[in-house]
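Remarks on the structure that follows.
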Amino acid sequence: MMKRGKWKTAVTLLFVLVVLASLGLNGYLFLKAKQYYVELNGTRLDPLGLSVYPSAEIEAESEGITAVFFGDSRAAQWPNPEGLDGYRFFNRGIGSQTSVQVTARFQAHVAPLQPDIIILQMCINDLKTIPLFPQNESAIIQNCLANIDQVLAEAEQLGAKVILTTVFPVGEVPLERKIVWSPAIGEAVKTVNEQIYAKASDTVFIFDAYELLVADRGLLNRDFAFDELHLNDAGYEQLNQQLIQFLRILP
């Protein structure tokens with residue numbers, strides 16, 4: 001009878017644990033679904049994110065060199081480098097944006113600042129869709145490159161120099177994201193970066209962020225990773241150490 005009682009207790013405990021785990025998983029999935037739903041409808045209301053940086057906040061006139069970080073969340077999270085006299089930094093990055101969204105808001109968010117230098121990081125939000133649309137892989141890559149070209153052309157019209165960064169590597173993918181992930185994303189990043197090097201000119205300077213951040217197997221160095229797509233403080237410190245040197249020798 002004692003053994004039977006212990007067995008019933010163990011079964012009851014196991015049942016409770018399963019229920020709690022199920023509730024926890026469903027709660028997590030609900031919050032994720034709500035987050036995606038809110039982001040989707042927010043994007044439908046403001047497809048380009050123009051409201052993120054209202055014109056009232058723009059201050060164009062200032063002494064010194066005006067530099068603007070521009071692009072997606074990787075640009076949005078990039079902190080200003082310290083120890084550079086004579087520079088004035090703005091950030092015009094917006095999370096989750098594809099290259100077409102970034103490009104389409106250049107005139108609203110960047111041009112009014114009259115930048116001397118634009119630091120450009122974009123394309124990962126296009127490339128991460130390749131597992132969902134594998135038949136469009138080539139078109140997705142070419143669209144990224146065409147949008148980079150458009151930003152470079154508009155920057156040239158402003159008389160601004162561009163520090164064109166290579167696309168950051170991607171990191172280890174968590175279990176819940178593996179179903180919508182593929183090694184093709186990392187390969188596409190390499191393909192775009194190869195083409196980025198060909199865009200160097202008298203006014204476009206290539207900053208190889210990829211090589212500064214990558215570890216073995218072509219993945220984002222874990223020491224620099226916040227998650228599979230984004231950097232932690234150490235990652236941006238690694239970039240800024242090199243960016244400071246880059247800016248000091250920029251012609």
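Chain labels run A, B, ... following the order of the structure tokens; each chain numbers its residues from 1, and ligands are numbered from 1 in the order shown.
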| request: Write down as a list in words the residues of region 21-251 of chain A whose backbone DSSP state falls under strand (DSSP E). | output: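 The residues of region 21-251 of chain A classed as strand (DSSP E) are Ile65, Thr66, Ala67, Val68, Phe69, Phe70, Gly71, Tyr87, Arg88, Phe89, Phe90, Asn91, Arg92, Gly93, Ile117, Ile118, Ile119, Leu120, Gln121, Lys161, Val162, Ile163, Leu164, Thr165, Val204, Phe205, Ile206 and Phe207 of chain A.
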Selected residues, C-alpha atoms, written as an mmCIF file, in the first residue's frame, please.
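Wrote it out as again_32.cif, contents follow:
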```
data_model
loop_
_atom_site.group_PDB
_atom_site.id
_atom_site.type_symbol
_atom_site.label_atom_id
_atom_site.label_comp_id
_atom_site.auth_asym_id
_atom_site.auth_seq_id
_atom_site.Cartn_x
_atom_site.Cartn_y
_atom_site.Cartn_z
ATOM 1 C CA ILE A 65 30.723 67.009 -38.501
ATOM 2 C CA THR A 66 27.220 65.554 -38.510
ATOM 3 C CA ALA A 67 27.131 61.743 -38.624
ATOM 4 C CA VAL A 68 23.936 59.690 -38.842
ATOM 5 C CA PHE A 69 23.447 56.009 -38.041
ATOM 6 C CA PHE A 70 20.815 54.772 -40.479
ATOM 7 C CA GLY A 71 19.122 51.425 -41.045
ATOM 8 C CA TYR A 87 31.364 65.097 -34.230
ATOM 9 C CA ARG A 88 27.640 65.302 -33.705
ATOM 10 C CA PHE A 89 25.804 61.990 -33.932
ATOM 11 C CA PHE A 90 22.180 61.253 -34.742
ATOM 12 C CA ASN A 91 20.488 57.869 -34.901
ATOM 13 C CA ARG A 92 17.799 57.138 -37.461
ATOM 14 C CA GLY A 93 17.560 53.363 -37.180
ATOM 15 C CA ILE A 117 28.606 61.122 -42.921
ATOM 16 C CA ILE A 118 26.006 58.335 -42.974
ATOM 17 C CA ILE A 119 26.773 55.024 -41.245
ATOM 18 C CA LEU A 120 24.563 52.472 -42.984
ATOM 19 C CA GLN A 121 23.566 49.013 -41.693
ATOM 20 C CA LYS A 161 30.030 60.351 -47.415
ATOM 21 C CA VAL A 162 28.750 56.889 -46.553
ATOM 22 C CA ILE A 163 30.365 54.368 -44.249
ATOM 23 C CA LEU A 164 28.714 51.256 -45.652
ATOM 24 C CA THR A 165 28.940 48.438 -43.129
ATOM 25 C CA VAL A 204 31.605 55.245 -50.073
ATOM 26 C CA PHE A 205 33.848 53.549 -47.528
ATOM 27 C CA ILE A 206 33.403 49.905 -46.531
ATOM 28 C CA PHE A 207 33.462 49.126 -42.817
#
```
| said: Residues near Asp223 (chain A), anyone? I mean within 9 Å using only C-alpha atoms, not counting same-chain ones fewer than 5 positions away, as JSON, numbers by chain. | reply: {"A": [232, 234, 235]}
Produce a file of the selected residues containing C-alpha atoms, as a PDB file, in the first residue's frame.
```pdb
ATOM      1  CA  ASN A 232      25.116  43.170 -26.770  1.00  0.00           C
ATOM      2  CA  ALA A 234      30.411  44.220 -25.911  1.00  0.00           C
ATOM      3  CA  GLY A 235      29.544  43.782 -29.586  1.00  0.00           C
TER       4      GLY A 235
END
```
| note | Min atom-atom distance to Arg74 (chain A) from the set A:Ile185, A:Val110, A:Phe246, A:Gly95, counting only C-alpha atoms, belongs to A:Gly95
| task | Between A:Leu247, A:Ala111, A:Leu145, A:Leu229, single out the one closest to Pro174 (chain A), counting only C-alpha atoms. | result |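 Closest to Pro174 (chain A), using only C-alpha atoms: A:Leu229.
Among A:Asn240, A:Thr98, A:Asn125, A:Asn221, the residue with the shortest atom-to-atom distance to Glu82 (chain A), counting only C-alpha atoms, is A:Asn240.
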| request: Identify, on the basis of only C-alpha atoms, every residue whose closest approach to Gly171 (chain A) does not exceed 10 Å; exclude the query and any residue fewer than 3 positions from it along the same chain; express the result as a list of chain:residue names. | output: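 The filter keeps A:Phe168, A:Pro174, A:Gly186, A:Val214, A:Ala215, A:Arg217, A:Gly218, A:Leu219, A:Leu220, A:Asn221, A:Arg222, A:Phe224, A:Ala225, A:Phe226, A:Asp227, A:Glu228, A:Leu229, A:His230, A:Leu231.
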